[in-house]
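Asks: So here's protein-v3.txt (compact mmCIF, C-alpha atoms).
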# COMPACT_ATOMS: atom_id res chain seq x y z
CA MET D 1 77.25 2.42 43.35
CA PRO D 2 74.22 4.00 45.10
CA LEU D 3 71.82 2.44 42.61
CA SER D 4 72.74 -1.13 43.46
CA THR D 5 72.47 -0.66 47.21
CA GLN D 6 69.17 1.12 46.87
CA SER D 7 67.36 -1.63 44.98
CA GLU D 8 68.96 -4.84 46.19
CA ALA D 9 66.64 -5.10 49.18
CA GLY D 10 63.58 -5.71 46.99
CA ASP D 11 65.20 -7.92 44.37
CA ASP D 12 63.60 -11.09 45.69
CA GLN D 13 60.26 -10.03 44.25
CA TYR D 14 61.61 -9.88 40.68
CA ILE D 15 61.96 -12.81 38.28
CA LEU D 16 64.43 -10.82 36.16
CA VAL D 17 67.08 -8.30 37.24
CA ALA D 18 69.69 -6.91 34.86
CA SER D 19 72.18 -4.20 35.82
CA LEU D 20 74.58 -2.14 33.74
CA ASP D 21 77.11 0.47 34.83
CA ASN D 22 76.76 2.11 31.40
CA VAL D 23 73.24 2.19 29.92
CA ARG D 24 74.66 3.03 26.46
CA ASN D 25 75.74 -0.61 26.18
CA LEU D 26 72.04 -1.47 25.96
CA SER D 27 70.53 1.63 24.35
CA ASN D 28 72.93 1.65 21.38
CA ILE D 29 72.20 -1.97 20.48
CA LEU D 30 68.44 -1.39 20.78
CA LYS D 31 68.65 1.64 18.49
CA ALA D 32 70.13 -0.70 15.86
CA ILE D 33 66.83 -2.61 15.66
CA THR D 34 64.36 0.25 16.20
CA PHE D 35 62.14 0.46 13.14
CA LYS D 36 58.78 -0.54 14.67
CA ASP D 37 57.21 0.43 17.98
CA HIS D 38 56.97 -2.95 19.63
CA ALA D 39 59.75 -5.34 20.63
CA LEU D 40 59.65 -8.82 22.09
CA PHE D 41 62.09 -9.42 24.94
CA ASN D 42 63.08 -12.99 25.71
CA ALA D 43 65.43 -13.56 28.64
CA THR D 44 67.22 -16.81 29.42
CA PRO D 45 70.24 -17.51 31.65
CA ASN D 46 72.37 -16.80 28.54
CA GLY D 47 71.15 -13.21 28.24
CA LEU D 48 68.60 -11.11 26.38
CA LYS D 49 67.23 -11.55 22.88
CA VAL D 50 65.19 -8.62 21.58
CA THR D 51 63.10 -9.10 18.41
CA VAL D 52 61.43 -6.53 16.14
CA GLU D 53 59.43 -7.45 13.03
CA ASP D 54 57.80 -5.77 10.05
CA SER D 55 55.01 -7.22 7.90
CA LYS D 56 56.28 -10.80 8.18
CA CYS D 57 59.02 -9.81 5.68
CA LEU D 58 61.71 -8.50 8.01
CA GLN D 59 62.95 -9.55 11.42
CA ALA D 60 65.72 -8.04 13.53
CA ASN D 61 67.23 -9.69 16.59
CA ALA D 62 69.64 -8.15 19.08
CA PHE D 63 71.59 -10.55 21.27
CA ILE D 64 72.96 -9.14 24.53
CA GLN D 65 74.86 -11.85 26.40
CA ALA D 66 74.50 -12.15 30.17
CA GLU D 67 78.24 -11.37 30.52
CA ILE D 68 77.63 -7.86 29.20
CA PHE D 69 75.68 -7.04 32.37
CA GLN D 70 77.30 -6.40 35.74
CA GLU D 71 74.43 -8.45 37.19
CA PHE D 72 72.00 -10.73 35.38
CA THR D 73 69.63 -12.75 37.55
CA ILE D 74 66.72 -14.78 36.20
CA GLN D 75 64.46 -16.98 38.33
CA GLU D 76 62.94 -19.00 35.46
CA ASP D 77 64.26 -20.86 32.40
CA SER D 78 62.76 -18.25 30.12
CA VAL D 79 61.00 -14.91 30.64
CA SER D 80 59.17 -13.12 27.79
CA PHE D 81 57.38 -9.80 27.54
CA GLN D 82 56.62 -7.18 24.91
CA VAL D 83 57.15 -3.43 25.33
CA ASN D 84 56.99 -0.25 23.30
CA LEU D 85 60.59 0.10 22.15
CA ALA D 86 60.38 3.84 21.49
CA VAL D 87 59.17 4.45 25.05
CA LEU D 88 61.90 2.20 26.45
CA LEU D 89 64.61 4.08 24.55
CA ASP D 90 63.21 7.42 25.72
CA CYS D 91 63.54 6.18 29.30
CA LEU D 92 67.04 4.76 28.81
CA THR D 93 68.25 8.10 27.45
CA ILE D 94 66.35 10.20 30.01
CA PHE D 95 69.63 11.77 31.20
CA GLY D 96 70.50 12.72 27.64
CA GLY D 97 72.82 9.82 26.84
CA SER D 98 75.99 11.65 27.77
CA THR D 99 78.99 10.90 25.54
CA VAL D 100 81.47 12.31 28.06
CA PRO D 101 83.73 9.33 28.94
CA ALA D 102 83.72 10.04 32.68
CA VAL D 103 79.92 10.41 32.87
CA THR D 104 77.77 7.32 32.50
CA THR D 105 74.22 6.43 33.42
CA ALA D 106 73.77 3.24 35.43
CA LEU D 107 70.75 1.02 34.84
CA ARG D 108 68.94 -1.55 36.92
CA MET D 109 66.13 -3.22 34.94
CA CYS D 110 63.61 -5.33 36.86
CA TYR D 111 60.59 -7.40 35.83
CA ASN D 112 58.18 -9.18 38.14
CA GLY D 113 56.36 -11.41 35.65
CA TYR D 114 53.24 -11.48 33.51
CA GLY D 115 51.03 -8.41 33.87
CA PHE D 116 53.64 -6.37 35.72
CA PRO D 117 55.45 -3.35 34.27
CA LEU D 118 59.12 -3.28 33.34
CA THR D 119 60.78 -1.14 36.02
CA LEU D 120 63.92 0.85 35.26
CA PHE D 121 66.12 2.46 37.90
CA LEU D 122 68.46 4.95 36.22
CA GLU D 123 71.20 6.75 38.13
CA GLU D 124 73.60 9.46 37.06
CA GLY D 125 75.61 11.67 39.36
CA GLY D 126 73.69 10.52 42.42
CA VAL D 127 70.28 11.31 40.88
CA VAL D 128 67.98 8.28 40.54
CA THR D 129 64.98 8.19 38.21
CA VAL D 130 62.47 5.34 38.26
CA CYS D 131 60.50 4.52 35.10
CA LYS D 132 57.72 1.95 34.82
CA ILE D 133 56.75 0.77 31.33
CA ASN D 134 53.62 -1.26 30.71
CA THR D 135 54.31 -4.70 29.27
CA GLU D 136 52.09 -6.47 26.77
CA GLU D 137 51.17 -10.02 25.87
CA PRO D 138 54.23 -11.41 24.05
CA GLU D 139 53.50 -12.56 20.49
CA ASP D 140 55.40 -15.46 19.03
CA PRO D 141 58.00 -14.20 16.55
CA ILE D 142 57.96 -15.41 12.96
CA ASP D 143 60.15 -18.44 12.32
CA PHE D 144 62.03 -17.63 9.13
CA GLU D 145 63.37 -21.21 9.18
CA PHE D 146 66.80 -19.91 8.27
CA CYS D 147 69.18 -22.69 9.29
CA SER D 148 72.87 -23.12 8.59
CA THR D 149 72.37 -26.44 6.79
CA ASN D 150 70.42 -24.64 4.04
CA VAL D 151 72.90 -21.78 3.61
CA THR D 152 74.27 -21.80 0.06
CA ASN D 153 76.48 -18.71 0.12
CA LYS D 154 78.25 -16.78 2.86
CA VAL D 155 80.72 -13.91 3.00
CA ILE D 156 82.11 -11.97 5.96
CA LEU D 157 83.12 -8.38 5.26
CA GLN D 158 84.59 -5.53 7.22
CA SER D 159 81.71 -3.16 7.84
CA ASP D 160 83.65 -0.16 6.50
CA SER D 161 83.56 -1.65 3.01
CA LEU D 162 79.80 -2.23 3.09
CA ARG D 163 79.22 1.31 4.34
CA GLU D 164 81.34 2.53 1.43
CA ALA D 165 79.30 0.46 -1.01
CA PHE D 166 76.02 1.90 0.24
CA SER D 167 77.42 5.42 -0.04
CA GLU D 168 78.26 4.82 -3.72
CA LEU D 169 75.13 2.92 -4.79
CA ASP D 170 71.93 4.73 -5.81
CA MET D 171 69.66 4.68 -2.80
CA THR D 172 66.72 5.92 -4.90
CA SER D 173 66.51 2.34 -6.16
CA GLU D 174 63.49 0.44 -4.85
CA ILE D 175 65.45 -2.78 -4.70
CA LEU D 176 68.93 -4.01 -3.88
CA GLN D 177 70.11 -6.93 -5.98
CA ILE D 178 72.69 -9.24 -4.42
CA THR D 179 74.70 -11.65 -6.55
CA MET D 180 76.86 -14.28 -4.86
CA SER D 181 78.83 -16.70 -6.97
CA PRO D 182 81.84 -19.07 -6.87
CA SER D 183 83.07 -17.28 -10.02
CA GLU D 184 83.09 -13.64 -11.11
CA PRO D 185 81.57 -11.27 -10.06
CA TYR D 186 81.85 -13.25 -6.74
CA PHE D 187 79.93 -10.75 -4.60
CA ARG D 188 78.05 -7.94 -6.31
CA LEU D 189 75.58 -5.34 -5.04
CA SER D 190 73.39 -3.67 -7.66
CA THR D 191 70.87 -0.84 -7.64
CA PHE D 192 68.52 0.46 -10.34
CA GLY D 193 67.69 4.05 -9.41
CA ASN D 194 67.01 7.46 -10.91
CA SER D 195 70.60 7.90 -12.06
CA GLY D 196 70.78 4.51 -13.77
CA ASN D 197 72.14 1.10 -12.85
CA ALA D 198 75.03 0.85 -10.42
CA HIS D 199 77.13 -2.15 -9.40
CA TYR D 200 79.62 -2.59 -6.57
CA ASP D 201 81.84 -5.67 -6.81
CA TYR D 202 84.04 -7.39 -4.23
CA PRO D 203 86.78 -9.75 -5.42
CA LYS D 204 86.86 -12.90 -3.31
CA ASP D 205 90.48 -12.15 -2.31
CA SER D 206 89.72 -8.53 -1.35
CA ASP D 207 91.36 -7.21 1.83
CA MET D 208 87.86 -6.32 2.99
CA MET D 209 86.66 -9.93 2.59
CA GLU D 210 87.39 -12.05 5.67
CA LEU D 211 85.52 -15.15 4.49
CA PHE D 212 84.21 -16.27 1.11
CA GLN D 213 82.14 -19.45 0.90
CA CYS D 214 79.93 -19.56 -2.19
CA THR D 215 78.72 -22.88 -3.56
CA LYS D 216 76.40 -21.72 -6.36
CA THR D 217 75.50 -18.61 -8.32
CA GLN D 218 72.55 -16.85 -6.77
CA THR D 219 70.94 -13.53 -7.65
CA ASN D 220 68.22 -12.22 -5.37
CA ARG D 221 66.44 -8.92 -5.08
CA PHE D 222 65.31 -7.32 -1.82
CA LYS D 223 63.14 -4.29 -1.17
CA MET D 224 65.38 -1.39 -0.20
CA SER D 225 62.71 -0.18 2.25
CA LEU D 226 63.17 -3.42 4.19
CA LEU D 227 66.97 -3.25 4.18
CA LYS D 228 67.33 0.41 5.19
CA PRO D 229 66.64 -0.23 8.92
CA SER D 230 69.67 -2.56 9.00
CA THR D 231 71.99 0.35 8.16
CA LYS D 232 71.63 1.43 11.82
CA ALA D 233 73.31 -1.81 12.85
CA LEU D 234 75.85 -1.46 10.04
CA ALA D 235 76.86 1.97 11.38
CA LEU D 236 77.67 0.46 14.79
CA SER D 237 79.32 -2.74 13.61
CA CYS D 238 82.89 -3.69 12.73
CA LYS D 239 82.10 -6.89 10.77
CA VAL D 240 79.09 -8.19 8.88
CA SER D 241 78.22 -11.69 7.72
CA VAL D 242 76.02 -11.91 4.59
CA ARG D 243 74.30 -15.25 4.02
CA THR D 244 71.65 -16.54 1.62
CA ASP D 245 69.85 -19.87 1.81
CA ASN D 246 68.41 -22.12 -0.90
CA ARG D 247 65.15 -20.09 -0.92
CA GLY D 248 66.94 -16.78 -1.45
CA PHE D 249 66.28 -15.51 2.09
CA LEU D 250 68.92 -13.08 3.38
CA SER D 251 70.64 -13.05 6.76
CA LEU D 252 72.78 -10.09 7.81
CA GLN D 253 74.72 -10.65 11.04
CA TYR D 254 76.47 -7.64 12.54
CA LEU D 255 79.24 -7.85 15.13
CA VAL D 256 79.04 -4.81 17.41
CA ARG D 257 81.55 -3.77 20.08
CA ASN D 258 80.11 -1.74 22.93
CA ASP D 259 81.77 1.08 24.88
CA ASP D 260 83.59 -1.47 27.06
CA GLY D 261 84.90 -3.46 24.09
CA GLN D 262 82.48 -6.35 24.64
CA ILE D 263 80.83 -8.03 21.67
CA CYS D 264 77.10 -8.12 20.90
CA PHE D 265 75.33 -9.35 17.79
CA VAL D 266 72.49 -7.96 15.70
CA GLU D 267 70.87 -10.11 13.03
CA TYR D 268 68.43 -9.17 10.29
CA TYR D 269 66.40 -11.67 8.24
CA CYS D 270 64.81 -10.46 5.02
CA CYS D 271 62.51 -12.18 2.51
CA PRO D 272 63.41 -11.90 -1.19
CA ASP D 273 61.22 -9.72 -3.38
CA GLU D 274 59.05 -12.27 -5.11
CA GLU D 275 57.46 -9.71 -7.43
CA VAL D 276 60.67 -9.24 -9.40
CA GLU D 277 61.43 -11.93 -11.94
CA GLU D 278 64.94 -13.28 -12.16
CA GLU D 279 66.80 -12.16 -15.26
For this file, write the structure as C-alpha cells.
Replies:
Amino acid sequence: MPLSTQSEAGDDQYILVASLDNVRNLSNILKAITFKDHALFNATPNGLKVTVEDSKCLQANAFIQAEIFQEFTIQEDSVSFQVNLAVLLDCLTIFGGSTVPAVTTALRMCYNGYGFPLTLFLEEGGVVTVCKINTEEPEDPIDFEFCSTNVTNKVILQSDSLREAFSELDMTSEILQITMSPSEPYFRLSTFGNSGNAHYDYPKDSDMMELFQCTKTQTNRFKMSLLKPSTKALALSCKVSVRTDNRGFLSLQYLVRNDDGQICFVEYYCCPDEEVEEE
C-alpha cells in the first residue's frame, strides 16, 4: 500500500501510530458516540478507548481493540489527548466514505505527544491527503463507579428486538421507564407521550433474549434526551447488554461488527432521572 511506505520513514518520531486499510472501521464506531464536539482518546497497548460525555449525566465509550488495526504501535504505557470529534469525522470521511466494496480509504493516524496535532494520512486510489487536527488538554472522564459487583439486573438482547421496541414506543415521551424483575413483566420498556402510555414487554424465555439475570424488581426512569444518542450505536450493533446497578444507573453495551467482521464495543452509562418519583 503506497500509504504505508510513504510514512514509515518518519514513524520513529511518533509515540502513537495506528493504521487501517479501511477507515470505515473507525469512522462508523466513532459516529456511534458522536453527540458532543469533544472526545477523549486514551491509547494503551490493548487499543483505543474514546470517551464522550454530556452534563455529567451521560457517558459513551467506544473500544477499538489493537487487533482491529493493521498496525498499532505505542511507545508509552498510556497516551491521552482530546480532539474535536466532529472535525475528526469530517477528515476521516474526506473522500466521501465510499460504500463500494472494492473502494476503501486507508488511514494512518499518528500522534507525537502533548501539544502536537493528531496527524492523519488518508489514501484512496493513490491520492493521499494529510490532515492535522489540534489536540487539547485531556480532561479526566467522569467515573460513574459502575462495577459488576453492584449490578442487580442484566439482560442481553438481539439488537433487532430493541430497535423494534423503539419503533413502537412513543418517542414524544420525555422519559423511558425500564422495569427489570425476576417475575412478570420481567423486562418492560414504558413511555408516557402525547398518544398515551405505551409498554413493550419481553418474556424471559423470548427468542430475542440471550441472557436473563434479574435478582430484584427495579423500576427506573431515564431522560429520553440522554438515551437518544445511544440509538446510533443500536443501529450498528447486533447484540445489546442492558444492566442496572443498585443505584439505578444504566449501562448499555453494544456489540458491533465492522466491515471485516471484527468485533468492537460501544458502552453508554446513564444516570437515572432523580426528579421523577417512583410509583
Asks: Contacts between range 176-196 of chain D and range 202-276 of chain D, please, where a residue of range 202-276 of chain D counts if it comes within 8 Å (with only C-alpha atoms); show its shortest atom pair and distance in Å to one decimal, rows by chain and ascending number, as JSON lines.
Replies:
{"residue": "D:Tyr202", "atom": "CA", "partner": "D:Phe187", "partner_atom": "CA", "distance": 5.3}
{"residue": "D:Pro203", "atom": "CA", "partner": "D:Tyr186", "partner_atom": "CA", "distance": 6.2}
{"residue": "D:Lys204", "atom": "CA", "partner": "D:Tyr186", "partner_atom": "CA", "distance": 6.1}
{"residue": "D:Gln213", "atom": "CA", "partner": "D:Pro182", "partner_atom": "CA", "distance": 7.8}
{"residue": "D:Cys214", "atom": "CA", "partner": "D:Pro182", "partner_atom": "CA", "distance": 5.1}
{"residue": "D:Thr215", "atom": "CA", "partner": "D:Pro182", "partner_atom": "CA", "distance": 5.9}
{"residue": "D:Lys216", "atom": "CA", "partner": "D:Ser181", "partner_atom": "CA", "distance": 5.6}
{"residue": "D:Thr217", "atom": "CA", "partner": "D:Ser181", "partner_atom": "CA", "distance": 4.1}
{"residue": "D:Gln218", "atom": "CA", "partner": "D:Met180", "partner_atom": "CA", "distance": 5.4}
{"residue": "D:Thr219", "atom": "CA", "partner": "D:Thr179", "partner_atom": "CA", "distance": 4.3}
{"residue": "D:Asn220", "atom": "CA", "partner": "D:Ile178", "partner_atom": "CA", "distance": 5.5}
{"residue": "D:Arg221", "atom": "CA", "partner": "D:Gln177", "partner_atom": "CA", "distance": 4.3}
{"residue": "D:Phe222", "atom": "CA", "partner": "D:Leu176", "partner_atom": "CA", "distance": 5.3}
{"residue": "D:Lys223", "atom": "CA", "partner": "D:Leu176", "partner_atom": "CA", "distance": 6.4}
{"residue": "D:Met224", "atom": "CA", "partner": "D:Leu176", "partner_atom": "CA", "distance": 5.7}
Asks: Dump as JSON lines the rows for residues of range 72-174 of chain D within 6 Å of range 19-41 of chain D: closest atom pair and distance in Å with one decimal, only C-alpha atoms counted, ordered by chain and rising residue number.
Replies:
{"residue": "D:Ser80", "atom": "CA", "partner": "D:Phe41", "partner_atom": "CA", "distance": 5.5}
{"residue": "D:Phe81", "atom": "CA", "partner": "D:Phe41", "partner_atom": "CA", "distance": 5.4}
{"residue": "D:Gln82", "atom": "CA", "partner": "D:Leu40", "partner_atom": "CA", "distance": 4.5}
{"residue": "D:Val83", "atom": "CA", "partner": "D:Ala39", "partner_atom": "CA", "distance": 5.7}
{"residue": "D:Asn84", "atom": "CA", "partner": "D:His38", "partner_atom": "CA", "distance": 4.6}
{"residue": "D:Leu85", "atom": "CA", "partner": "D:His38", "partner_atom": "CA", "distance": 5.4}
{"residue": "D:Ala86", "atom": "CA", "partner": "D:Asp37", "partner_atom": "CA", "distance": 5.8}
{"residue": "D:Thr104", "atom": "CA", "partner": "D:Asn22", "partner_atom": "CA", "distance": 5.4}
{"residue": "D:Thr105", "atom": "CA", "partner": "D:Asn22", "partner_atom": "CA", "distance": 5.4}
{"residue": "D:Ala106", "atom": "CA", "partner": "D:Asp21", "partner_atom": "CA", "distance": 4.4}
{"residue": "D:Leu107", "atom": "CA", "partner": "D:Leu20", "partner_atom": "CA", "distance": 5.1}
{"residue": "D:Arg108", "atom": "CA", "partner": "D:Ser19", "partner_atom": "CA", "distance": 4.3}
Asks: Mind pulling up the distance from CA of Phe116 in chain D to CA of Leu16 in chain D?
Replies: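 The value is 11.7 Å.
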Asks: Report, in Å to a single decimal, how far apart CA of Asn42 in chain D and CA of Ser230 in chain D are.
Replies: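 Going from CA of Ser230 in chain D over to CA of Asn42 in chain D, I get 20.8 Å.
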Asks: Just give me the residues with any atom within 9 Å of (75.2, -15.6, 2.6), file coordinates, counting all atoms listed in the file, written as a ChimeraX atom specification.
Replies: /D:151-156,180,213-214,241-245,249-252
Asks: When distances are computed from only C-alpha atoms, which of D:Leu226, D:Leu157, D:Leu162, D:Val52 shows the smallest separation from Met208 in chain D?
Replies: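 Going through D:Leu226, D:Leu157, D:Leu162, D:Val52 one by one, the smallest distance to Met208 in chain D is for D:Leu157.
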